[in-house]
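This is query.cif (mmCIF, C-alpha atoms).
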data_final
loop_
_atom_site.label_atom_id
_atom_site.label_comp_id
_atom_site.auth_asym_id
_atom_site.auth_seq_id
_atom_site.Cartn_x
_atom_site.Cartn_y
_atom_site.Cartn_z
CA MET A 1 30.44 -8.73 -15.17
CA THR A 2 32.01 -11.17 -12.72
CA PRO A 3 32.61 -14.92 -13.01
CA TYR A 4 29.30 -15.29 -11.21
CA SER A 5 27.51 -14.14 -14.35
CA THR A 6 28.01 -17.60 -15.80
CA THR A 7 26.48 -19.35 -12.81
CA THR A 8 23.09 -20.33 -14.18
CA ALA A 9 20.93 -23.40 -13.95
CA PRO A 10 20.91 -26.21 -16.53
CA ASP A 11 18.57 -25.61 -19.44
CA ARG A 12 16.39 -28.60 -18.60
CA PRO A 13 16.64 -29.93 -15.02
CA SER A 14 15.60 -33.57 -14.77
CA THR A 15 13.35 -32.91 -11.76
CA PRO A 16 10.88 -30.09 -11.04
CA CYS A 17 12.56 -26.80 -10.18
CA ARG A 18 12.26 -25.42 -6.67
CA PHE A 19 12.64 -21.72 -7.53
CA LEU A 20 13.49 -19.17 -10.21
CA LEU A 21 16.60 -17.13 -9.38
CA LEU A 22 16.99 -13.67 -10.92
CA GLY A 23 19.51 -11.03 -9.98
CA ASP A 24 22.92 -9.49 -10.30
CA SER A 25 26.27 -11.08 -9.47
CA HIS A 26 25.17 -11.54 -5.83
CA ALA A 27 22.85 -14.28 -7.12
CA GLY A 28 25.91 -16.24 -8.26
CA PRO A 29 26.86 -17.89 -4.96
CA VAL A 30 23.23 -18.96 -4.47
CA GLY A 31 23.21 -20.66 -7.84
CA ARG A 32 26.57 -22.29 -7.20
CA ALA A 33 25.36 -23.60 -3.86
CA ALA A 34 22.15 -24.98 -5.37
CA LYS A 35 24.06 -26.68 -8.17
CA GLY A 36 26.51 -28.20 -5.71
CA ALA A 37 23.69 -29.48 -3.51
CA GLY A 38 21.76 -30.92 -6.44
CA ILE A 39 18.79 -28.61 -5.83
CA PRO A 40 16.93 -28.12 -9.14
CA PHE A 41 16.27 -24.50 -10.03
CA GLN A 42 16.26 -22.14 -12.97
CA GLY A 43 18.01 -18.80 -13.26
CA GLY A 44 21.10 -16.93 -12.21
CA PRO A 45 22.67 -13.50 -12.65
CA ILE A 46 21.47 -11.56 -15.69
CA GLY A 47 23.53 -8.37 -15.30
CA ALA A 48 25.34 -5.99 -12.97
CA GLY A 49 23.65 -4.65 -9.84
CA ARG A 50 23.58 -1.02 -10.95
CA GLU A 51 21.50 -2.05 -13.97
CA PHE A 52 18.54 -3.17 -11.86
CA ASN A 53 17.53 -0.04 -9.99
CA ALA A 54 15.66 2.11 -12.50
CA ASP A 55 14.41 1.91 -16.09
CA PHE A 56 15.37 -1.71 -16.66
CA PHE A 57 12.11 -3.48 -17.53
CA ASP A 58 8.63 -3.08 -18.97
CA VAL A 59 5.44 -4.90 -18.01
CA ARG A 60 3.85 -7.07 -20.70
CA GLY A 61 0.65 -8.58 -19.32
CA ASP A 62 1.64 -11.33 -16.89
CA ASP A 63 5.27 -11.01 -17.90
CA VAL A 64 8.16 -8.52 -17.99
CA VAL A 65 10.58 -7.56 -20.73
CA PHE A 66 14.08 -6.55 -19.71
CA ARG A 67 15.31 -3.57 -21.72
CA LYS A 68 18.85 -4.89 -22.08
CA ALA A 69 18.86 -7.54 -24.79
CA GLU A 70 21.38 -9.76 -22.98
CA ALA A 71 19.39 -9.74 -19.74
CA ASP A 72 16.14 -10.50 -21.54
CA ALA A 73 17.72 -13.33 -23.53
CA LEU A 74 18.95 -14.98 -20.33
CA TYR A 75 15.55 -14.50 -18.71
CA ARG A 76 13.79 -16.08 -21.73
CA ARG A 77 16.16 -19.03 -21.51
CA PHE A 78 15.25 -19.52 -17.87
CA LEU A 79 11.54 -19.38 -18.66
CA ALA A 80 12.03 -21.91 -21.44
CA GLY A 81 13.78 -24.17 -18.96
CA LEU A 82 10.63 -24.03 -16.87
CA GLY A 83 8.46 -24.66 -19.91
CA VAL A 84 6.55 -21.37 -19.54
CA THR A 85 6.34 -18.10 -21.45
CA GLY A 86 5.76 -15.54 -18.71
CA LEU A 87 6.70 -14.65 -15.15
CA GLY A 88 3.13 -15.08 -13.95
CA ARG A 89 3.14 -18.70 -15.08
CA ILE A 90 6.24 -20.01 -13.34
CA GLY A 91 4.32 -21.71 -10.53
CA ILE A 92 7.31 -21.64 -8.16
CA PRO A 93 8.83 -18.99 -5.85
CA LEU A 94 10.94 -16.18 -7.26
CA VAL A 95 14.26 -15.50 -5.50
CA CYS A 96 15.75 -12.13 -6.41
CA THR A 97 18.61 -9.74 -5.57
CA PHE A 98 17.43 -6.67 -7.52
CA GLY A 99 17.68 -3.37 -5.62
CA PHE A 100 20.20 -4.63 -3.08
CA SER A 101 23.34 -3.33 -4.77
CA ALA A 102 23.99 -1.37 -1.60
CA HIS A 103 27.61 -0.56 -2.41
CA PHE A 104 26.43 1.27 -5.54
CA LEU A 105 23.69 3.12 -3.63
CA ALA A 106 26.32 4.17 -1.09
CA THR A 107 28.87 5.61 -3.54
CA THR A 108 30.51 8.30 -1.41
CA GLU A 109 30.68 11.02 -4.06
CA ASN A 110 26.93 10.86 -4.66
CA TRP A 111 26.22 11.89 -1.06
CA ARG A 112 28.62 14.82 -0.83
CA ILE A 113 25.82 17.35 -1.44
CA TYR A 114 24.06 16.24 1.76
CA ARG A 115 27.08 16.64 4.02
CA VAL A 116 27.69 19.55 6.35
CA PRO A 117 31.00 21.50 6.24
CA CYS A 118 32.68 19.26 8.80
CA GLY A 119 32.21 16.34 6.41
CA GLY A 120 29.51 14.39 8.24
CA PHE A 121 25.78 14.22 7.73
CA PRO A 122 23.31 16.36 9.70
CA PRO A 123 22.05 14.58 12.82
CA GLY A 124 19.39 12.05 11.94
CA PHE A 125 19.87 12.37 8.19
CA LEU A 126 20.32 8.64 7.52
CA ALA A 127 17.05 7.92 9.35
CA SER A 128 15.18 10.84 7.78
CA GLY A 129 12.30 10.91 5.36
CA LEU A 130 14.55 12.64 2.84
CA PHE A 131 17.10 9.83 2.88
CA ASP A 132 14.31 7.25 2.64
CA ALA A 133 12.82 9.09 -0.34
CA VAL A 134 16.16 9.36 -2.16
CA ILE A 135 16.89 5.65 -1.81
CA ARG A 136 13.38 4.61 -2.83
CA ALA A 137 13.57 6.88 -5.86
CA THR A 138 16.94 5.41 -6.82
CA VAL A 139 15.63 1.83 -6.72
CA ARG A 140 12.14 2.69 -7.92
CA ASP A 141 11.98 0.14 -10.71
CA ALA A 142 13.44 -2.61 -8.56
CA LEU A 143 10.56 -1.98 -6.17
CA ALA A 144 8.16 -1.91 -9.12
CA PHE A 145 9.50 -5.25 -10.34
CA TYR A 146 8.91 -6.87 -6.97
CA GLY A 147 5.47 -5.27 -6.78
CA HIS A 148 4.54 -6.63 -10.20
CA ALA A 149 5.72 -10.11 -9.27
CA ARG A 150 3.63 -9.98 -6.11
CA SER A 151 0.60 -8.77 -8.08
CA LEU A 152 0.92 -11.92 -10.20
CA GLY A 153 0.44 -13.99 -7.06
CA LEU A 154 4.03 -15.16 -6.80
CA LYS A 155 5.85 -15.91 -3.58
CA VAL A 156 8.83 -13.57 -3.78
CA LEU A 157 11.99 -13.65 -1.69
CA ALA A 158 14.64 -10.93 -1.79
CA VAL A 159 18.18 -11.74 -0.69
CA MET A 160 20.06 -9.05 1.18
CA PRO A 161 23.63 -8.42 0.01
CA PRO A 162 26.95 -9.43 1.54
CA GLN A 163 27.94 -6.94 4.22
CA ARG A 164 30.98 -5.74 2.30
CA VAL A 165 31.66 -2.04 1.72
CA PRO A 166 34.28 -1.25 -0.94
CA GLY A 167 36.52 1.80 -0.71
CA LEU A 168 34.39 4.03 -2.95
CA SER A 169 31.30 3.55 -0.77
CA ASP A 170 30.26 5.13 2.53
CA PRO A 171 29.75 2.44 5.20
CA ALA A 172 27.03 4.34 7.08
CA VAL A 173 25.09 4.99 3.88
CA PHE A 174 25.49 1.35 2.86
CA MET A 175 23.94 0.12 6.09
CA ALA A 176 21.12 2.67 6.04
CA ALA A 177 20.35 2.20 2.34
CA GLN A 178 19.97 -1.56 2.53
CA GLU A 179 17.67 -1.13 5.52
CA THR A 180 15.51 1.33 3.56
CA VAL A 181 15.23 -1.14 0.67
CA ARG A 182 14.41 -3.97 3.09
CA ARG A 183 11.57 -1.97 4.66
CA ALA A 184 10.18 -1.02 1.26
CA LEU A 185 10.11 -4.66 0.19
CA VAL A 186 8.43 -5.79 3.39
CA GLU A 187 5.69 -3.26 2.62
CA LEU A 188 5.20 -5.02 -0.72
CA GLY A 189 4.79 -8.41 0.92
CA VAL A 190 8.22 -9.69 -0.11
CA ASP A 191 9.97 -12.17 2.18
CA ILE A 192 13.50 -11.08 3.11
CA VAL A 193 16.48 -13.40 3.37
CA ASP A 194 18.51 -11.52 5.97
CA LEU A 195 21.61 -13.30 7.26
CA ARG A 196 23.34 -10.28 8.78
CA SER A 197 23.27 -11.65 12.30
CA ARG A 198 24.95 -14.85 11.11
CA VAL A 199 27.65 -13.54 8.79
CA ALA A 200 28.67 -10.12 10.15
CA ASP A 201 31.10 -9.23 12.91
CA GLU A 202 30.54 -6.78 15.78
CA GLN A 203 31.03 -3.84 13.38
CA GLY A 204 28.41 -5.22 11.01
CA VAL A 205 30.98 -6.21 8.39
CA GLN A 206 30.94 -9.60 6.66
CA ARG A 207 33.33 -12.06 8.29
CA ALA A 208 36.20 -13.30 6.14
CA GLU A 209 34.94 -16.88 5.99
CA PHE A 210 31.91 -15.67 4.01
CA CYS A 211 33.81 -13.36 1.63
CA GLU A 212 35.06 -14.04 -1.87
CA PRO A 213 38.81 -13.49 -1.42
CA ASP A 214 39.54 -12.00 -4.82
CA ASP A 215 37.30 -8.91 -4.65
CA THR A 216 35.79 -6.42 -2.20
CA ILE A 217 32.08 -6.91 -2.88
CA HIS A 218 30.91 -10.51 -3.18
CA GLY A 219 30.10 -13.31 -0.81
CA ASN A 220 31.61 -16.74 -1.39
CA LEU A 221 30.22 -20.23 -1.76
CA ALA A 222 29.90 -20.61 2.01
CA PHE A 223 27.69 -17.52 2.02
CA GLY A 224 25.66 -18.97 -0.84
CA ARG A 225 25.19 -22.18 1.10
CA LEU A 226 23.79 -20.27 4.07
CA ILE A 227 21.34 -18.49 1.78
CA LEU A 228 20.31 -21.78 0.20
CA ALA A 229 19.79 -23.35 3.61
CA ASP A 230 17.56 -20.44 4.58
CA LEU A 231 15.54 -20.85 1.39
CA LEU A 232 15.11 -24.57 1.95
CA ALA A 233 14.10 -23.98 5.56
CA ARG A 234 11.28 -21.78 4.22
CA GLY A 235 9.98 -24.70 2.18
CA LEU A 236 11.43 -23.89 -1.23
#
Please render this file's structure as structure tokens.
Amino acid sequence: MTPYSTTTAPDRPSTPCRFLLLGDSHAGPVGRAAKGAGIPFQGGPIGAGREFNADFFDVRGDDVVFRKAEADALYRRFLAGLGVTGLGRIGIPLVCTFGFSAHFLATTENWRIYRVPCGGFPPGFLASGLFDAVIRATVRDALAFYGHARSLGLKVLAVMPPQRVPGLSDPAVFMAAQETVRRALVELGVDIVDLRSRVADEQGVQRAEFCEPDDTIHGNLAFGRLILADLLARGL
């Protein structure tokens, strides 16, 4: 867990909340930005990104139950802060980062089996149906979570990750994987917060002014502020 895991909303905001924020550590800068701007919300990170791809929740009527006790306890606290007992009753948009742990999806060693002897991928592999199927299968329950939230009538927004590729991840797979997840979410009717054109350089990598300086994965508060501004521009 990172320091962002403690970045959650107050238990009882004094004014009506604008959104519920659920996600991994990438949700942290969004929460920090909202707190700093005085925007009332509930939520924050409830675990690590790799925990929210498959087998992490169960449906219970108009609600969900997270299988990890710590994640579910945080989620219940957020619901209590909204004065409701289930996801389908929140009455505000859901902002989420589940499924966009692209650096985990792109772990280089996991893709070795698909490489040809020269070390690269076969032509067209990263745009192939096989690649698409592998990524969708890997994040299957993240997609199911979004689908369930949409079936409850919620407005759902998914935030794409910082464009930062750590050393253990393959940059080409990172870029292709996040695009596959984005397309899958669009098919579900999820709105996508995509700031790539604003924060990345000519190589598609996150510019330093939007990077947390002490690690190789996260965006910083400036990045969170851009995300918050995008959310507010959408009427949240």
For range 96-205 of chain A versus range 65-79 of chain A, which residues have an atom no more than 12 Å away, and what is each residue's nearest atom pair and distance in Å rounded to one decimal, using all atoms listed in the file, chain-then-number order, as JSON lines?
{"residue": "A:Asp141", "atom": "CA", "partner": "A:Phe66", "partner_atom": "CA", "distance": 11.4}
{"residue": "A:Ala142", "atom": "CA", "partner": "A:Phe66", "partner_atom": "CA", "distance": 11.8}
{"residue": "A:Phe145", "atom": "CA", "partner": "A:Phe66", "partner_atom": "CA", "distance": 10.5}
If you count all atoms listed in the file, which residues fall within 6 Å of range 226-236 of chain A, apart from same-chain ones fewer than 2 positions away, as a tab-separated table (two decimals) with C-alpha atoms, in the frame of the given file?
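Okay, this is what ended up in out_30.tsv:
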chain	number	residue	atom	x	y	z
A	18	ARG	CA	12.26	-25.42	-6.67
A	223	PHE	CA	27.69	-17.52	2.02
A	224	GLY	CA	25.66	-18.97	-0.84
(request) Translate the PyMOL selection byres ((chain A and resi 216) around 9), as applied to the file shown, into an explicit residue set as a PyMOL selection string. (result) chain A and resi 164-167+211-215+217-218
(request) Determine the nearest neighbour of Gln42 in chain A from the options A:Ala137, A:Ala27, A:Ala200, A:Met175, counting only C-alpha atoms. (result) A:Ala27
(request) Apply the PyMOL selection byres ((chain A and resi 190) around 8) to the file shown and report the selected residues as a PyMOL selection string. (result) chain A and resi 146+150+155-158+185-189+191-192
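Across A:Thr138, A:Thr108, A:Thr15, A:Thr180, the tightest approach to Glu51 in chain A is made by A:Thr138 when counting all atoms listed in the file.
You will find CA of Lys35 in chain A at 17.5 Å from CA of Ile92 in chain A.
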